[in-house]
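**Student:** First the structure, then my questions, so here it is.
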Amino acid sequence: MAEKRDCYEILGINKNATEDEIKKAYRRLAKQYHPDANPGDKAAEEKFKEVNEAYSILSDSEKKSNYDRFGYAGVDPSAGGGGFGGGFSGFSGGFDMGDIFDMFGGMFGGGSRTRANSARQGEDVGLRLTVDFNEALFGCKKDVSYNRVEKCAECGGSGAAKGTNVSTCRKCGGTGRVNTQRRTPFGVMQSVGACDECGGTGKKIETPCRECRGSGYTRKSRKLEVNIPAGIDNGQRIVLHGQGDAGANGGPNGDLVILISVRPHKLFVRDGFNLMFEMPISFTDAALGAKITIPTPDGSGELTIPEGTQTGSTFNVRGKGVPKVNGSGRGDLLVTVRVETPKGLSRKQKELLEDLDDSCTDKNYPKRKAFETKL
């Protein structure tokens, strides 16, 4: 069985990283390797599992402490390869099995070790917003509506009806966790689990609020005006910090994450910060050269077609592309011309073309001459 990588290495942080740095690293990697973003990618799926396991350890202060001292053996007895077999001979004196399990913080109890009353950030809320091509190109403001979890206005988030109090659970002392012990042939085993008296909240509500039914939170509809920056592309995200679900126990709100979908344009195709389109030109314009009117995102423009232009030639109109998000300047407009061969010619028109062809020499058709030379 392959040895597990270090949790800090997995998240790309050092051992002195703060809780906020750990959380930011986890969110970045979880989004990068999420199965929804990597459909069918087994390697990304394994990375996602690895990142989640590392975060579950380092985000919990007690698990992190055990991991820093004992490695994976401090949080998962099966991860060390050899378990605890033969490992107790170095302890002298008054240790029994109960003491050993206590030392590792009741790690066999399972579940989250987060304190019931600790501050926790709210969940992020995601929504998809569709904008027109020109709105994405030049930027705009859009009104969005979404639902999020907020503190109950009726009870102020306490969960208790007005005029009543919230008391500390006597059984767990407000921690939301209780220790249980049982005797086994190997000694006394201790485990930690959610308090069955308060459901892990650490609080007792005698008279629940009717609005939130004792949870302290309600789901509300919210409207916001969102600034869409010029140059945003299809699939990019806008993150509005603090506009997501309410946090618990004084923790900050989550974020509102808006996924942008851009409707395709009838003419222009985007390539990075450049715009491209194809334009038909006449045989005469291609042969003699001309100045033609072209469409641009800013309105009509003029393009010079040099004499002898071949079909498929691309011309660069600088500064008429996509504005650079959070930067300066714009990309370019790339115009590819397609020479249109005339159809439905009259007898006179055909005679004129035949006269033209008879008067031309190899000098007028260098590519044809080069091809014939190769043959």
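Here, A, B, ... name the chains of the structure tokens in the order displayed, residue numbers run from 1 inside each chain, and ligands are numbered from 1 in the same displayed order.
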Any chance you could tabulate, as CSV, the residues of range 198-315 of chain A at most 12 Å from range 329-350 of chain A with each one's nearest atom pair and distance in Å to one decimal, using only C-alpha atoms, in chain and rising number order?
**Tutor:**
residue,atom,partner,partner_atom,distance
A:Ala230,CA,A:Arg330,CA,10.3
A:Gly231,CA,A:Arg330,CA,8.8
A:Leu267,CA,A:Val335,CA,11.1
A:Phe268,CA,A:Leu333,CA,9.1
A:Val269,CA,A:Leu334,CA,9.8
A:Arg270,CA,A:Leu333,CA,9.5
A:Asp271,CA,A:Gly331,CA,9.5
A:Gly272,CA,A:Gly331,CA,8.2
A:Phe273,CA,A:Gly331,CA,4.7
A:Asn274,CA,A:Gly331,CA,4.7
A:Leu275,CA,A:Leu333,CA,4.8
A:Met276,CA,A:Leu334,CA,4.7
A:Phe277,CA,A:Val335,CA,5.5
A:Glu278,CA,A:Thr336,CA,4.7
A:Met279,CA,A:Val337,CA,4.9
A:Pro280,CA,A:Arg338,CA,4.7
A:Ile281,CA,A:Val339,CA,5.1
A:Ser282,CA,A:Glu340,CA,5.4
A:Phe283,CA,A:Val339,CA,5.8
A:Thr284,CA,A:Val339,CA,9.1
A:Asp285,CA,A:Val339,CA,8.7
A:Ala286,CA,A:Val339,CA,6.8
A:Ala287,CA,A:Val339,CA,9.6
A:Gly289,CA,A:Val339,CA,12.0
A:Ile292,CA,A:Val337,CA,11.1
A:Thr293,CA,A:Val335,CA,11.7
A:Ile294,CA,A:Val335,CA,8.7
A:Pro295,CA,A:Val335,CA,9.8
A:Thr296,CA,A:Leu333,CA,7.6
A:Pro297,CA,A:Leu333,CA,9.0
A:Asp298,CA,A:Leu333,CA,11.1
A:Gly301,CA,A:Leu333,CA,11.0
A:Glu302,CA,A:Val335,CA,11.4
A:Leu303,CA,A:Val335,CA,9.1
A:Thr304,CA,A:Val335,CA,11.2
A:Ile305,CA,A:Val337,CA,9.2
A:Pro306,CA,A:Val337,CA,11.7
A:Gly308,CA,A:Val339,CA,10.9
A:Thr309,CA,A:Val339,CA,8.6
A:Gln310,CA,A:Val339,CA,7.2
A:Thr311,CA,A:Arg338,CA,4.6
A:Gly312,CA,A:Val337,CA,5.5
A:Ser313,CA,A:Thr336,CA,5.6
A:Thr314,CA,A:Thr336,CA,4.1
A:Phe315,CA,A:Val335,CA,5.1
**Student:** Using only C-alpha atoms, please write the residues we just selected to a file, as a CSV table (one decimal), in the first residue's frame.
**Tutor:**
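What ended up in out.csv:
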chain,number,residue,atom,x,y,z
A,230,ALA,CA,-15.9,44.5,-19.1
A,231,GLY,CA,-14.1,41.6,-20.9
A,267,LEU,CA,-20.9,37.3,-36.1
A,268,PHE,CA,-17.9,37.6,-33.7
A,269,VAL,CA,-16.1,34.6,-32.2
A,270,ARG,CA,-14.0,35.2,-29.1
A,271,ASP,CA,-10.4,33.8,-28.8
A,272,GLY,CA,-8.9,35.1,-25.5
A,273,PHE,CA,-8.9,38.8,-25.8
A,274,ASN,CA,-9.2,38.8,-29.6
A,275,LEU,CA,-12.3,38.7,-31.7
A,276,MET,CA,-12.5,36.9,-35.1
A,277,PHE,CA,-15.0,36.8,-38.0
A,278,GLU,CA,-15.0,35.9,-41.7
A,279,MET,CA,-16.1,38.4,-44.4
A,280,PRO,CA,-16.8,37.7,-48.1
A,281,ILE,CA,-15.3,40.0,-50.7
A,282,SER,CA,-15.7,40.2,-54.5
A,283,PHE,CA,-13.2,38.8,-57.0
A,284,THR,CA,-12.6,42.3,-58.3
A,285,ASP,CA,-11.9,43.8,-54.8
A,286,ALA,CA,-9.4,40.9,-54.2
A,287,ALA,CA,-7.7,41.4,-57.5
A,289,GLY,CA,-7.6,46.1,-54.1
A,292,ILE,CA,-14.3,48.1,-47.6
A,293,THR,CA,-16.6,48.7,-44.7
A,294,ILE,CA,-16.4,46.2,-41.9
A,295,PRO,CA,-18.3,45.7,-38.6
A,296,THR,CA,-16.5,46.1,-35.3
A,297,PRO,CA,-17.8,45.9,-31.7
A,298,ASP,CA,-17.7,49.8,-31.7
A,301,GLY,CA,-14.9,50.6,-39.5
A,302,GLU,CA,-12.8,50.6,-42.7
A,303,LEU,CA,-10.4,47.9,-43.9
A,304,THR,CA,-7.9,48.3,-46.8
A,305,ILE,CA,-7.7,45.2,-49.0
A,306,PRO,CA,-4.4,45.2,-50.9
A,308,GLY,CA,-3.9,40.5,-55.2
A,309,THR,CA,-5.4,39.5,-51.9
A,310,GLN,CA,-5.9,35.7,-51.7
A,311,THR,CA,-8.9,34.0,-50.1
A,312,GLY,CA,-8.3,33.1,-46.5
A,313,SER,CA,-6.0,36.1,-45.8
A,314,THR,CA,-6.4,37.5,-42.3
A,315,PHE,CA,-6.1,41.2,-41.4
**Student:** Show me, as a compact mmCIF listing (two decimals) with N, CA and C atoms, in the first residue's frame, the residues that have an atom within 10 Å of Gly214 in chain A when counting only C-alpha atoms, minus same-chain residues fewer than 6 positions from it.
**Tutor:**
# COMPACT_ATOMS: atom_id res chain seq x y z
N CYS A 152 -32.50 34.28 12.03
CA CYS A 152 -33.93 34.53 12.19
C CYS A 152 -34.16 35.91 12.80
N CYS A 155 -36.20 35.79 16.39
CA CYS A 155 -35.55 35.45 17.67
C CYS A 155 -34.11 35.93 17.74
N GLY A 157 -31.66 34.87 16.11
CA GLY A 157 -30.72 33.76 15.92
C GLY A 157 -30.57 32.85 17.11
N SER A 158 -31.29 33.14 18.20
CA SER A 158 -31.16 32.30 19.39
C SER A 158 -31.91 30.98 19.26
N GLY A 159 -32.97 30.97 18.45
CA GLY A 159 -33.80 29.78 18.31
C GLY A 159 -34.91 29.68 19.33
N ALA A 160 -34.89 30.58 20.32
CA ALA A 160 -35.90 30.54 21.37
C ALA A 160 -36.97 31.59 21.13
N ALA A 161 -38.20 31.27 21.50
CA ALA A 161 -39.30 32.22 21.35
C ALA A 161 -39.03 33.47 22.20
N LYS A 204 -30.03 24.17 25.31
CA LYS A 204 -31.37 23.64 25.53
C LYS A 204 -32.39 24.76 25.33
N ILE A 205 -33.29 24.54 24.38
CA ILE A 205 -34.34 25.52 24.10
C ILE A 205 -35.67 24.92 24.55
N GLU A 206 -36.24 25.52 25.57
CA GLU A 206 -37.50 25.00 26.10
C GLU A 206 -38.68 25.36 25.21
N THR A 207 -38.68 26.60 24.70
CA THR A 207 -39.78 27.06 23.84
C THR A 207 -39.20 27.55 22.52
N PRO A 208 -39.21 26.71 21.48
CA PRO A 208 -38.61 27.09 20.20
C PRO A 208 -39.36 28.25 19.53
**Student:** Hey, what's within 12 Å of range 14-21 of chain A if we count only C-alpha atoms and toss same-chain stuff fewer than 2 positions away? As a PyMOL selection string, please?
**Tutor:** chain A and resi 6-12+23-28+55+57-61+64-65+67-69+119-121+252
**Student:** Range 261-265 of chain A: which residues within 7 Å, counting only C-alpha atoms, same-chain residues fewer than 4 positions away excluded, as a ChimeraX atom specification?
**Tutor:** /A:129-133,136,233-235,269
**Student:** From the set A:Asn249, A:Asn179, A:Asn227, A:Gln243, which residue has the shortest atom-to-atom contact distance to Gly126 in chain A, counting only C-alpha atoms?
**Tutor:**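 So, comparing all the options, the nearest one is A:Gln243.
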**Student:** Please measure the separation of CA of Asn52 in chain A and CA of Lys151 in chain A, giving the value in Å to one decimal.
**Tutor:** 28.3 Å
**Student:** To one decimal in Å, tell me the separation between CA of Lys369 in chain A and CA of Glu307 in chain A.
**Tutor:**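 So the answer is 19.1 Å.
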**Student:** Residues near Arg170 in chain A, anyone? I mean within 9 Å using only C-alpha atoms, not counting same-chain ones fewer than 5 positions away, as a PDB file with N, CA and C atoms, in the first residue's frame.
**Tutor:**
ATOM      1  N   GLU A 197     -28.684  14.674  24.418  1.00  0.00           N
ATOM      2  CA  GLU A 197     -29.639  15.532  25.131  1.00  0.00           C
ATOM      3  C   GLU A 197     -29.940  16.806  24.343  1.00  0.00           C
ATOM      4  N   GLY A 202     -25.146  21.946  22.328  1.00  0.00           N
ATOM      5  CA  GLY A 202     -24.684  22.466  23.610  1.00  0.00           C
ATOM      6  C   GLY A 202     -25.696  23.367  24.289  1.00  0.00           C
ATOM      7  N   LYS A 203     -26.891  23.509  23.677  1.00  0.00           N
ATOM      8  CA  LYS A 203     -27.907  24.404  24.224  1.00  0.00           C
ATOM      9  C   LYS A 203     -29.238  23.669  24.395  1.00  0.00           C
ATOM     10  N   LYS A 204     -30.030  24.171  25.307  1.00  0.00           N
ATOM     11  CA  LYS A 204     -31.375  23.639  25.534  1.00  0.00           C
ATOM     12  C   LYS A 204     -32.389  24.757  25.329  1.00  0.00           C
TER      13      LYS A 204
END
**Student:** Out of A:Glu211, A:Glu225, A:Asp196, A:Asp245, which residue has the shortest atom-to-atom distance to Ser145 in chain A when counting only C-alpha atoms?
**Tutor:** A:Glu225
**Student:** What separation in Å, quoted to one decimal, exists between CA of Ile258 in chain A and CA of Cys212 in chain A?
**Tutor:**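 CA of Cys212 in chain A lies 27.6 Å from CA of Ile258 in chain A.
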